[in-house]
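So this one's start_27.cif, mmCIF, C-alpha atoms:
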data_run
#
loop_
_atom_site.label_atom_id
_atom_site.label_comp_id
_atom_site.auth_asym_id
_atom_site.auth_seq_id
_atom_site.Cartn_x
_atom_site.Cartn_y
_atom_site.Cartn_z
CA MET A 1299 11.99 -30.32 15.32
CA LYS A 1300 8.95 -30.30 17.57
CA LEU A 1301 6.90 -27.18 18.30
CA ILE A 1302 3.63 -26.45 20.11
CA PHE A 1303 1.41 -23.49 19.17
CA LYS A 1304 -1.96 -22.00 19.89
CA LYS A 1305 -3.95 -22.30 16.67
CA SER A 1306 -4.68 -18.54 16.65
CA ASP A 1307 -0.99 -17.59 16.96
CA LEU A 1308 0.01 -20.05 14.27
CA ASN A 1309 -2.72 -18.91 11.89
CA GLU A 1310 -1.82 -15.22 12.32
CA ALA A 1311 1.86 -15.85 11.61
CA VAL A 1312 1.12 -17.88 8.49
CA SER A 1313 -1.27 -15.19 7.27
CA ILE A 1314 1.36 -12.46 7.73
CA VAL A 1315 4.27 -14.12 5.93
CA SER A 1316 2.14 -15.61 3.15
CA LYS A 1317 1.81 -12.11 1.72
CA ALA A 1318 5.40 -12.43 0.45
CA ILE A 1319 4.70 -15.68 -1.42
CA PRO A 1320 4.82 -15.07 -5.21
CA THR A 1321 1.71 -15.88 -7.21
CA ARG A 1322 3.82 -17.33 -10.00
CA THR A 1323 7.36 -18.68 -9.87
CA THR A 1324 9.48 -21.42 -11.42
CA MET A 1325 11.39 -21.84 -8.13
CA SER A 1326 9.41 -24.11 -5.80
CA ILE A 1327 11.42 -23.02 -2.75
CA LEU A 1328 9.95 -19.51 -3.11
CA GLU A 1329 6.48 -21.03 -2.59
CA CYS A 1330 7.56 -22.10 0.88
CA ILE A 1331 7.38 -20.67 4.37
CA PHE A 1332 10.65 -21.15 6.23
CA ILE A 1333 10.16 -22.19 9.85
CA ASP A 1334 13.25 -21.61 11.96
CA ALA A 1335 13.41 -22.86 15.55
CA THR A 1336 17.17 -23.35 15.79
CA THR A 1337 17.47 -20.71 18.54
CA ASP A 1338 15.30 -19.78 21.51
CA ARG A 1339 12.69 -18.15 19.29
CA ILE A 1340 10.46 -19.33 16.46
CA THR A 1341 10.39 -17.31 13.24
CA PHE A 1342 8.38 -17.75 10.05
CA THR A 1343 9.79 -16.23 6.86
CA ALA A 1344 8.67 -15.88 3.23
CA ASN A 1345 10.75 -14.26 0.52
CA ASP A 1346 10.07 -13.79 -3.20
CA MET A 1347 13.50 -12.11 -3.71
CA GLU A 1348 11.89 -8.65 -4.03
CA LEU A 1349 9.74 -8.66 -0.89
CA GLY A 1350 10.48 -10.59 2.29
CA ILE A 1351 8.47 -10.87 5.51
CA GLU A 1352 9.62 -12.38 8.79
CA THR A 1353 7.57 -12.65 11.96
CA GLN A 1354 8.26 -14.09 15.36
CA VAL A 1355 5.69 -16.61 16.59
CA GLU A 1356 4.63 -17.42 20.13
CA GLY A 1357 5.14 -21.13 20.76
CA GLU A 1358 6.95 -23.78 22.77
CA ILE A 1359 10.12 -25.36 21.43
CA ILE A 1360 10.38 -29.03 22.43
CA GLU A 1361 13.05 -29.88 19.87
CA ARG A 1362 14.94 -27.35 17.77
CA GLY A 1363 15.13 -27.47 14.00
CA GLN A 1364 14.08 -25.86 10.74
CA ILE A 1365 12.10 -26.69 7.61
CA ALA A 1366 10.67 -25.09 4.47
CA ILE A 1367 7.05 -26.02 3.82
CA ASN A 1368 4.72 -25.23 0.91
CA SER A 1369 2.76 -22.13 1.88
CA LYS A 1370 -0.48 -22.99 0.11
CA ILE A 1371 -1.06 -26.41 1.64
CA PHE A 1372 0.32 -25.42 5.03
CA SER A 1373 -1.86 -22.31 5.33
CA GLU A 1374 -4.98 -24.21 4.25
CA ILE A 1375 -4.36 -26.92 6.83
CA VAL A 1376 -3.69 -24.43 9.63
CA ARG A 1377 -6.75 -22.36 8.76
CA LYS A 1378 -9.05 -25.40 9.01
CA LEU A 1379 -7.59 -26.95 12.16
CA PRO A 1380 -9.68 -27.07 15.35
CA GLU A 1381 -9.36 -24.06 17.66
CA ASN A 1382 -6.95 -25.84 19.93
CA GLU A 1383 -3.30 -26.63 20.54
CA VAL A 1384 -1.28 -27.49 17.44
CA ILE A 1385 1.78 -29.77 17.55
CA ILE A 1386 4.20 -29.60 14.62
CA SER A 1387 7.09 -32.02 14.26
CA THR A 1388 9.48 -33.05 11.49
CA ASP A 1389 11.59 -36.11 10.70
CA GLU A 1390 14.97 -36.62 9.05
CA ASN A 1391 13.34 -36.85 5.60
CA TYR A 1392 11.78 -33.38 5.91
CA TYR A 1393 8.23 -34.60 6.41
CA MET A 1394 6.07 -32.49 8.69
CA ASN A 1395 3.49 -33.93 11.06
CA ILE A 1396 0.68 -31.58 12.13
CA VAL A 1397 -1.58 -32.72 14.97
CA SER A 1398 -4.55 -30.90 16.54
CA GLU A 1399 -7.11 -32.86 18.57
CA ASN A 1400 -8.00 -35.84 16.35
CA ALA A 1401 -6.79 -34.23 13.11
CA LYS A 1402 -3.43 -35.48 11.84
CA PHE A 1403 -1.58 -34.41 8.69
CA ASN A 1404 1.71 -35.54 7.20
CA ILE A 1405 3.10 -33.38 4.40
CA ALA A 1406 6.39 -33.17 2.52
CA GLY A 1407 8.73 -30.29 3.21
CA LYS A 1408 12.17 -29.19 2.06
CA SER A 1409 15.50 -28.64 3.70
CA GLY A 1410 15.72 -25.23 5.30
CA ASP A 1411 19.24 -24.98 3.89
CA ASP A 1412 17.78 -24.38 0.43
CA PHE A 1413 15.71 -21.37 1.52
CA THR A 1414 16.92 -17.86 0.66
CA ARG A 1415 17.01 -15.86 3.88
CA LEU A 1416 16.10 -12.20 4.03
CA PRO A 1417 18.99 -10.02 2.83
CA ALA A 1418 21.43 -8.99 5.53
CA VAL A 1419 20.97 -5.24 5.37
CA GLU A 1420 22.76 -2.62 7.39
CA LYS A 1421 20.20 -0.31 8.92
CA GLU A 1422 21.54 3.16 8.34
CA LYS A 1423 18.81 5.80 8.45
CA PHE A 1424 15.38 5.39 9.94
CA ILE A 1425 12.24 7.24 10.86
CA TYR A 1426 9.42 6.23 13.17
CA LEU A 1427 5.73 7.01 13.19
CA SER A 1428 2.52 5.39 14.32
CA GLN A 1429 1.20 2.34 12.50
CA LEU A 1430 -2.12 4.13 12.02
CA THR A 1431 -0.44 7.14 10.38
CA LEU A 1432 1.58 4.98 7.99
CA LYS A 1433 -1.45 2.91 7.07
CA GLU A 1434 -3.51 6.03 6.37
CA ILE A 1435 -0.88 7.84 4.30
CA ILE A 1436 -0.46 4.75 2.10
CA ARG A 1437 -4.21 4.25 1.77
CA GLN A 1438 -4.63 7.88 0.74
CA THR A 1439 -2.10 7.65 -2.14
CA ILE A 1440 -1.71 4.04 -3.29
CA PHE A 1441 -4.69 4.11 -5.65
CA SER A 1442 -2.93 6.37 -8.15
CA ILE A 1443 0.16 4.27 -8.79
CA SER A 1444 0.52 2.82 -12.27
CA LEU A 1445 -0.29 -0.87 -12.72
CA ASN A 1446 1.83 -1.07 -15.86
CA ASP A 1447 5.51 -1.53 -15.04
CA GLU A 1448 6.71 -2.98 -18.33
CA SER A 1449 8.74 0.10 -19.31
CA SER A 1450 11.29 1.98 -17.23
CA THR A 1451 8.83 4.86 -16.88
CA GLY A 1452 6.08 2.46 -15.86
CA LYS A 1453 8.39 0.86 -13.31
CA LEU A 1454 8.92 4.23 -11.60
CA MET A 1455 5.19 4.93 -11.56
CA SER A 1456 4.49 1.50 -10.04
CA GLY A 1457 6.03 2.78 -6.81
CA GLU A 1458 5.56 5.67 -4.42
CA LEU A 1459 8.13 8.36 -3.71
CA PHE A 1460 8.98 8.63 -0.01
CA GLU A 1461 10.74 11.90 0.83
CA ILE A 1462 11.93 12.95 4.28
CA ASN A 1463 12.90 16.54 4.84
CA ASN A 1464 13.62 17.45 8.46
CA ASN A 1465 10.42 16.53 10.32
CA LYS A 1466 8.21 16.04 7.25
CA LEU A 1467 7.38 12.84 5.38
CA LYS A 1468 5.98 13.40 1.91
CA VAL A 1469 4.53 10.51 -0.11
CA THR A 1470 3.79 10.90 -3.82
CA SER A 1471 2.21 8.56 -6.36
CA LEU A 1472 1.14 9.09 -9.94
CA ASP A 1473 0.03 7.48 -13.16
CA THR A 1474 -0.51 9.09 -16.53
CA HIS A 1475 -3.76 10.81 -15.49
CA ARG A 1476 -3.40 11.88 -11.84
CA ILE A 1477 -1.08 12.62 -8.95
CA SER A 1478 -1.60 12.04 -5.22
CA ILE A 1479 0.49 13.76 -2.56
CA ARG A 1480 0.28 13.41 1.21
CA LYS A 1481 2.42 15.08 3.87
CA VAL A 1482 2.68 14.16 7.53
CA GLU A 1483 4.66 15.69 10.37
CA LEU A 1484 7.09 13.36 12.13
CA LYS A 1485 7.85 13.38 15.84
CA GLU A 1486 11.49 14.35 15.26
CA SER A 1487 13.70 15.76 12.51
CA PHE A 1488 15.65 13.29 10.38
CA GLU A 1489 18.24 13.44 7.66
CA ASN A 1490 16.90 13.94 4.14
CA VAL A 1491 15.99 10.77 2.24
CA SER A 1492 14.36 10.19 -1.16
CA VAL A 1493 13.46 6.64 -2.25
CA ILE A 1494 10.91 4.90 -4.49
CA VAL A 1495 9.03 2.10 -2.71
CA PRO A 1496 7.26 -0.57 -4.81
CA GLY A 1497 3.48 -0.33 -4.67
CA LYS A 1498 3.29 -4.09 -4.16
CA THR A 1499 5.28 -3.76 -0.95
CA LEU A 1500 3.08 -0.97 0.39
CA ASN A 1501 -0.10 -2.86 -0.44
CA GLU A 1502 1.15 -5.80 1.61
CA VAL A 1503 2.40 -3.60 4.47
CA ILE A 1504 -1.01 -2.04 5.06
CA LYS A 1505 -2.57 -5.52 5.15
CA VAL A 1506 -0.22 -6.54 7.96
CA LEU A 1507 -0.34 -3.32 9.99
CA ASN A 1508 -3.02 -3.67 12.63
CA GLY A 1509 -1.86 -1.20 15.25
CA GLY A 1510 -3.28 2.12 16.28
CA ASN A 1511 -1.94 5.57 16.96
CA ASP A 1512 0.11 4.38 19.95
CA ASP A 1513 1.78 1.48 18.11
CA GLU A 1514 5.03 2.44 16.44
CA VAL A 1515 6.58 1.37 13.16
CA ARG A 1516 10.24 2.02 12.38
CA ILE A 1517 11.26 2.48 8.76
CA PHE A 1518 14.89 1.98 7.78
CA PHE A 1519 16.50 3.02 4.49
CA THR A 1520 19.51 0.89 3.83
CA ARG A 1521 22.11 -0.48 1.46
CA ASN A 1522 23.28 -4.07 1.40
CA SER A 1523 26.83 -5.23 0.84
CA GLU A 1524 26.20 -6.10 -2.82
CA PHE A 1525 24.87 -2.67 -3.74
CA SER A 1526 27.43 -0.38 -5.29
CA GLY A 1527 25.28 2.65 -6.11
CA ASN A 1528 25.08 5.89 -4.19
CA GLY A 1529 21.42 5.51 -3.29
CA TYR A 1530 19.56 3.13 -1.01
CA SER A 1531 18.78 -0.42 -2.07
CA HIS A 1532 16.23 -1.60 0.51
CA ILE A 1533 13.52 -0.37 2.82
CA VAL A 1534 12.78 -2.17 6.10
CA PHE A 1535 9.55 -1.86 8.10
CA GLU A 1536 9.71 -3.08 11.70
CA PHE A 1537 6.60 -3.26 13.87
CA GLY A 1538 5.60 -5.58 16.66
CA SER A 1539 7.30 -8.91 16.03
CA THR A 1540 7.28 -8.50 12.24
CA VAL A 1541 9.92 -7.30 9.78
CA VAL A 1542 9.19 -6.48 6.12
CA VAL A 1543 12.16 -6.05 3.78
CA SER A 1544 11.77 -4.83 0.21
CA ARG A 1545 13.99 -3.81 -2.65
CA LEU A 1546 13.58 -0.21 -3.71
CA ILE A 1547 12.97 0.89 -7.29
CA GLU A 1548 16.08 2.39 -8.85
CA GLY A 1549 15.84 5.58 -10.88
CA LYS A 1550 14.99 9.25 -10.62
CA TYR A 1551 11.37 10.03 -9.86
CA PHE A 1552 9.41 12.65 -11.75
CA ASN A 1553 9.71 16.28 -10.67
CA VAL A 1554 6.15 16.58 -9.44
CA SER A 1555 6.71 20.03 -7.93
CA GLN A 1556 6.95 21.45 -11.47
CA MET A 1557 3.46 20.12 -12.16
CA ILE A 1558 1.86 21.91 -9.22
CA SER A 1559 0.59 25.35 -10.08
CA SER A 1560 -0.91 28.07 -7.92
CA ASP A 1561 -2.75 29.56 -10.89
CA TYR A 1562 -6.52 29.13 -11.06
CA ASP A 1563 -9.52 30.91 -12.49
CA VAL A 1564 -12.09 28.94 -10.52
CA LYS A 1565 -12.10 27.95 -6.85
CA LEU A 1566 -14.91 25.71 -5.72
CA ASN A 1567 -15.75 24.87 -2.11
CA VAL A 1568 -18.16 21.97 -1.79
CA ASN A 1569 -19.28 19.39 0.75
CA ARG A 1570 -17.08 16.36 0.14
CA ARG A 1571 -19.67 13.70 0.95
CA GLU A 1572 -22.40 15.34 -1.15
CA LEU A 1573 -20.10 15.57 -4.17
CA LEU A 1574 -18.85 12.00 -3.70
CA GLU A 1575 -22.35 10.58 -3.43
CA CYS A 1576 -23.51 12.60 -6.44
CA ILE A 1577 -20.69 11.28 -8.63
CA ASP A 1578 -21.27 7.77 -7.29
CA ARG A 1579 -24.88 7.97 -8.47
CA ALA A 1580 -23.69 9.22 -11.85
CA THR A 1581 -21.52 6.12 -12.29
CA LEU A 1582 -24.70 4.05 -12.47
CA MET A 1583 -24.93 5.39 -16.01
CA ALA A 1584 -21.25 4.79 -16.76
CA ASN A 1585 -20.82 1.81 -19.03
CA GLU A 1586 -17.24 0.65 -18.57
CA SER A 1587 -16.74 -0.08 -22.26
CA ASP A 1588 -17.90 3.46 -23.22
CA LYS A 1589 -15.69 5.20 -20.62
CA LYS A 1590 -18.04 8.16 -20.58
CA PRO A 1591 -16.88 11.11 -18.46
CA ILE A 1592 -18.92 13.08 -16.01
CA ILE A 1593 -19.47 16.68 -17.13
CA VAL A 1594 -19.12 19.19 -14.30
CA SER A 1595 -20.72 22.60 -14.81
CA VAL A 1596 -19.87 25.22 -12.17
CA THR A 1597 -21.92 28.38 -11.79
CA ASP A 1598 -22.61 30.70 -8.87
CA GLY A 1599 -23.76 28.64 -5.89
CA ASN A 1600 -24.22 25.46 -7.91
CA VAL A 1601 -22.41 22.43 -9.32
CA GLU A 1602 -24.21 20.38 -11.94
CA ILE A 1603 -23.07 16.80 -12.58
CA GLN A 1604 -24.16 15.20 -15.86
CA ILE A 1605 -23.43 11.96 -17.64
CA LYS A 1606 -24.81 10.42 -20.82
CA SER A 1607 -24.16 6.91 -22.09
CA ASN A 1608 -25.92 4.19 -24.04
CA LEU A 1609 -27.45 3.12 -20.70
CA GLY A 1610 -29.17 6.47 -20.23
CA SER A 1611 -28.40 9.79 -18.57
CA MET A 1612 -28.21 11.43 -15.16
CA ASP A 1613 -28.31 15.08 -14.08
CA GLU A 1614 -27.98 16.39 -10.53
CA ASN A 1615 -27.27 19.71 -8.86
CA ILE A 1616 -25.59 20.34 -5.50
CA GLU A 1617 -24.89 23.57 -3.64
CA ALA A 1618 -21.36 24.98 -3.64
CA THR A 1619 -19.43 28.20 -3.15
CA LYS A 1620 -17.59 29.49 -6.21
CA GLU A 1621 -14.91 32.10 -6.71
CA GLY A 1622 -14.07 33.14 -10.26
CA LYS A 1623 -15.65 32.39 -13.61
CA ASP A 1624 -18.11 29.70 -14.67
CA ILE A 1625 -16.61 26.54 -16.12
CA MET A 1626 -17.64 23.29 -17.79
CA ILE A 1627 -15.13 20.45 -17.52
CA GLY A 1628 -15.07 16.66 -17.95
CA PHE A 1629 -13.51 14.01 -15.68
CA ASN A 1630 -13.13 10.30 -15.34
CA PRO A 1631 -15.53 9.78 -12.41
CA LYS A 1632 -13.38 7.09 -10.76
CA PHE A 1633 -10.39 9.43 -10.48
CA VAL A 1634 -12.43 12.11 -8.70
CA MET A 1635 -14.08 9.56 -6.40
CA ASP A 1636 -10.74 7.99 -5.44
CA ALA A 1637 -9.44 11.39 -4.34
CA LEU A 1638 -12.59 12.32 -2.43
CA LYS A 1639 -12.62 8.98 -0.59
CA ALA A 1640 -9.04 9.60 0.56
CA ILE A 1641 -9.90 12.97 2.15
CA ASP A 1642 -11.30 13.22 5.67
CA ASP A 1643 -12.29 16.92 5.58
CA GLU A 1644 -15.98 17.82 5.57
CA ASP A 1645 -15.56 20.36 2.77
CA VAL A 1646 -12.99 20.39 -0.03
CA ASP A 1647 -11.49 23.14 -2.16
CA ILE A 1648 -11.19 22.41 -5.88
CA TYR A 1649 -9.09 24.65 -8.13
CA MET A 1650 -9.47 24.81 -11.92
CA LEU A 1651 -7.92 26.95 -14.64
CA ASN A 1652 -9.80 25.85 -17.76
CA ALA A 1653 -11.35 22.75 -19.33
CA LYS A 1654 -7.97 21.54 -20.62
CA SER A 1655 -5.80 22.11 -17.55
CA PRO A 1656 -5.36 19.86 -14.49
CA CYS A 1657 -7.75 20.18 -11.57
CA PHE A 1658 -6.32 20.48 -8.05
CA ILE A 1659 -8.01 19.26 -4.87
CA LYS A 1660 -5.97 20.45 -1.91
CA ASP A 1661 -6.20 21.89 1.57
CA LYS A 1662 -4.84 25.25 2.69
CA ASP A 1663 -1.51 23.88 3.96
CA GLU A 1664 -1.19 21.38 1.08
CA ASN A 1665 -1.02 18.45 3.49
CA TYR A 1666 -2.87 16.70 0.71
CA VAL A 1667 -2.85 17.50 -3.00
CA TYR A 1668 -4.72 15.54 -5.65
CA ILE A 1669 -4.18 16.48 -9.28
CA ILE A 1670 -6.55 15.10 -11.91
CA LEU A 1671 -6.31 15.62 -15.66
CA PRO A 1672 -9.61 16.49 -17.38
CA VAL A 1673 -10.96 14.54 -20.34
CA ASN A 1674 -12.58 15.65 -23.57
CA PHE A 1675 -16.34 15.45 -23.83
CA ASN A 1676 -19.23 16.20 -26.19
CA VAL A 1677 -22.14 18.24 -24.87
#
Kindly transcribe the structure held in the file into structure tokens.
Amino acid sequence: MKLIFKKSDLNEAVSIVSKAIPTRTTMSILECIFIDATTDRITFTANDMELGIETQVEGEIIERGQIAINSKIFSEIVRKLPENEVIISTDENYYMNIVSENAKFNIAGKSGDDFTRLPAVEKEKFIYLSQLTLKEIIRQTIFSISLNDESSTGKLMSGELFEINNNKLKVTSLDTHRISIRKVELKESFENVSVIVPGKTLNEVIKVLNGGNDDEVRIFFTRNSEFSGNGYSHIVFEFGSTVVVSRLIEGKYFNVSQMISSDYDVKLNVNRRELLECIDRATLMANESDKKPIIVSVTDGNVEIQIKSNLGSMDENIEATKEGKDIMIGFNPKFVMDALKAIDDEDVDIYMLNAKSPCFIKDKDENYVYIILPVNFNV
């Protein structure tokens, strides 16, 4: 095999597929990038058996071939090469020669025959939307997935629920203390779909997406030939010259709609940035080991934010519009800040029932809904 690349094209391709390299594995082949130039195109692939990424690379094929090469050493070499033409060649013993200007490397590879290709999935149902929209809807929900997937319940909460109903895409994530919901209108109506996508996959997808509102991504929901269940087994993201394939999480997601209530005794309208900056200042007094909550006191025309810890205390008032009774309630400041950072509106509406019931931050049409459980506090 002999290939010629621009350094920038080569570096971008390696960066994209490396996101599917596992951090820990006992199978050395999974630490490799598979370079396939056996046809008229060059593809790079990485696959950790749960998440696979393939991207097509611009380059010149002098001699066809394929090889699997260790991702860590290969990516480090490519990243530090001169900004010039890069020539990659292999021999019959699976050694790779990398030449750029006066820099020459010779590293050991593996037979491409040993590499596990991306699963051959039949693309059944799909939706399409802009790369920017997908990136935003993930960014605005991904922070509230659970990081603990040891149990079956934790496994479900480590993913996001993707639901398609006609021309609406609804994405839901939750952990034991909060729920995030985002809805977006699609360009066309599609058949109903409900799947749980691993958070790891979505985190990697938004790192690779670099398009804007005019760049499209197609999302397929599919079964493979080995899957015998009634649901879908894989999700496929296609955009530009890149394909991301991921297993879905099996199981029935939580009935979040039962947790959303329209009852409230207090409705607060407040400037989002002012509230966010106020809470951010309060966290200066939040010692992580103490896990002290912020105490929010709502009265007519005013919101008071207080916090006390062994570092000291903070007290600040901001203007707000209130409907209903006065209330004093405690929150984990990070949870409130995460929700406020995900909202683009200038003002936000916050709904509360009492100091023990969940707080809702949502817009009029419920295109976004953030539910946060309060915490106990001592005055």
Need to verify the contact set: A:Thr1343, 7 Å, only C-alpha atoms, exclusion of same-chain residues closer than 5 positions in sequence. Can you return it as number ranges by chain? A: 1315, 1331-1333, 1351-1353
Suppose you want the space between atom CA of A:Val1534 and atom CA of A:Lys1481; what is it in Å?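 Atom-to-atom, atom CA of A:Val1534 to atom CA of A:Lys1481, that is 20.2 Å.
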Closest atom pairs, stretch 1454-1551 of chain A residues within 10 Å of stretch 1640-1660 of chain A, all atoms listed in the file, as a Markdown table:
| residue | atom | partner | partner_atom | distance |
| --- | --- | --- | --- | --- |
| A:His1475 | CA | A:Pro1656 | CA | 9.2 |
| A:Arg1476 | CA | A:Pro1656 | CA | 8.6 |
| A:Ile1477 | CA | A:Phe1658 | CA | 9.5 |
| A:Ser1478 | CA | A:Ile1659 | CA | 9.7 |
| A:Ile1479 | CA | A:Lys1660 | CA | 9.3 |
| A:Arg1480 | CA | A:Lys1660 | CA | 9.9 |
I need the residue set behind the PyMOL selection byres ((chain A and resi 1502-1514) around 9) for this file; please write it as a ChimeraX atom specification. /A:1313-1314,1317-1318,1426-1434,1436-1437,1497-1501,1515-1516,1535-1538,1540,1542
Please produce an output containing C-alpha atoms for each residue in the selection, written as a short mmCIF file (atom, residue, chain, number, x, y, z; two decimals), in the frame of the given file.
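The resulting file, out13.cif, is reproduced below:
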data_model
loop_
_atom_site.label_atom_id
_atom_site.label_comp_id
_atom_site.auth_asym_id
_atom_site.auth_seq_id
_atom_site.Cartn_x
_atom_site.Cartn_y
_atom_site.Cartn_z
CA SER A 1313 -1.27 -15.19 7.27
CA ILE A 1314 1.36 -12.46 7.73
CA LYS A 1317 1.81 -12.11 1.72
CA ALA A 1318 5.40 -12.43 0.45
CA TYR A 1426 9.42 6.23 13.17
CA LEU A 1427 5.73 7.01 13.19
CA SER A 1428 2.52 5.39 14.32
CA GLN A 1429 1.20 2.34 12.50
CA LEU A 1430 -2.12 4.13 12.02
CA THR A 1431 -0.44 7.14 10.38
CA LEU A 1432 1.58 4.98 7.99
CA LYS A 1433 -1.45 2.91 7.07
CA GLU A 1434 -3.51 6.03 6.37
CA ILE A 1436 -0.46 4.75 2.10
CA ARG A 1437 -4.21 4.25 1.77
CA GLY A 1497 3.48 -0.33 -4.67
CA LYS A 1498 3.29 -4.09 -4.16
CA THR A 1499 5.28 -3.76 -0.95
CA LEU A 1500 3.08 -0.97 0.39
CA ASN A 1501 -0.10 -2.86 -0.44
CA VAL A 1515 6.58 1.37 13.16
CA ARG A 1516 10.24 2.02 12.38
CA PHE A 1535 9.55 -1.86 8.10
CA GLU A 1536 9.71 -3.08 11.70
CA PHE A 1537 6.60 -3.26 13.87
CA GLY A 1538 5.60 -5.58 16.66
CA THR A 1540 7.28 -8.50 12.24
CA VAL A 1542 9.19 -6.48 6.12
#
Picked residues, the PyMOL selection byres ((chain A and resi 1674) around 12), as number ranges by chain: A: 1589-1594, 1626-1630, 1653-1655, 1671-1673, 1675-1677
Who sits within 10 Å of A:Lys1485, all atoms listed in the file, same chain under 2 positions skipped, as a list in words: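 Contacts, in chain order: Ile1425, Tyr1426, Leu1427, Ser1428, Asn1465, Lys1466, Val1482, Glu1483, Ser1487 and Phe1488 of chain A.
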Name the closest residue to A:Ser1373 among the candidates A:Pro1417, A:Val1312, A:Thr1321, A:Asn1345; distances are taken between atoms, counting only C-alpha atoms.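 Of A:Pro1417, A:Val1312, A:Thr1321, A:Asn1345, the one nearest A:Ser1373, counting only C-alpha atoms, is A:Val1312.
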Taking the partial coordinates given, rebuild stretch 1560-1573 of chain A to contain N, CA, C and O atoms; return it as a compact mmCIF listing (two decimals), in the coordinates of the input.
# COMPACT_ATOMS: atom_id res chain seq x y z
N SER A 1560 -0.04 27.27 -8.81
CA SER A 1560 -0.91 28.07 -7.92
C SER A 1560 -1.91 28.90 -8.71
O SER A 1560 -2.72 29.63 -8.13
N ASP A 1561 -1.83 28.80 -10.04
CA ASP A 1561 -2.75 29.56 -10.89
C ASP A 1561 -4.11 28.88 -10.96
O ASP A 1561 -4.20 27.66 -11.11
N TYR A 1562 -5.17 29.67 -10.88
CA TYR A 1562 -6.52 29.13 -11.06
C TYR A 1562 -7.45 30.27 -11.42
O TYR A 1562 -7.25 31.43 -11.04
N ASP A 1563 -8.47 29.94 -12.16
CA ASP A 1563 -9.52 30.91 -12.49
C ASP A 1563 -10.82 30.59 -11.77
O ASP A 1563 -11.74 31.41 -11.73
N VAL A 1564 -10.89 29.37 -11.22
CA VAL A 1564 -12.09 28.94 -10.52
C VAL A 1564 -11.68 28.24 -9.23
O VAL A 1564 -10.84 27.35 -9.24
N LYS A 1565 -12.27 28.66 -8.11
CA LYS A 1565 -12.10 27.95 -6.85
C LYS A 1565 -13.48 27.54 -6.36
O LYS A 1565 -14.37 28.38 -6.20
N LEU A 1566 -13.62 26.26 -6.11
CA LEU A 1566 -14.91 25.71 -5.72
C LEU A 1566 -14.79 25.10 -4.33
O LEU A 1566 -13.88 24.32 -4.07
N ASN A 1567 -15.68 25.49 -3.43
CA ASN A 1567 -15.75 24.87 -2.11
C ASN A 1567 -17.07 24.11 -2.02
O ASN A 1567 -18.14 24.69 -2.21
N VAL A 1568 -16.97 22.81 -1.73
CA VAL A 1568 -18.16 21.97 -1.79
C VAL A 1568 -18.08 20.91 -0.70
O VAL A 1568 -16.99 20.52 -0.27
N ASN A 1569 -19.23 20.46 -0.24
CA ASN A 1569 -19.28 19.39 0.75
C ASN A 1569 -18.75 18.10 0.12
O ASN A 1569 -19.23 17.65 -0.91
N ARG A 1570 -17.75 17.52 0.73
CA ARG A 1570 -17.08 16.36 0.14
C ARG A 1570 -18.04 15.17 -0.02
O ARG A 1570 -18.08 14.54 -1.08
N ARG A 1571 -18.79 14.86 1.01
CA ARG A 1571 -19.67 13.70 0.95
C ARG A 1571 -20.77 13.89 -0.10
O ARG A 1571 -21.08 12.96 -0.84
N GLU A 1572 -21.35 15.09 -0.17
CA GLU A 1572 -22.40 15.34 -1.15
C GLU A 1572 -21.87 15.16 -2.58
O GLU A 1572 -22.52 14.57 -3.43
N LEU A 1573 -20.67 15.70 -2.83
CA LEU A 1573 -20.10 15.57 -4.17
C LEU A 1573 -19.76 14.12 -4.47
O LEU A 1573 -20.04 13.63 -5.58
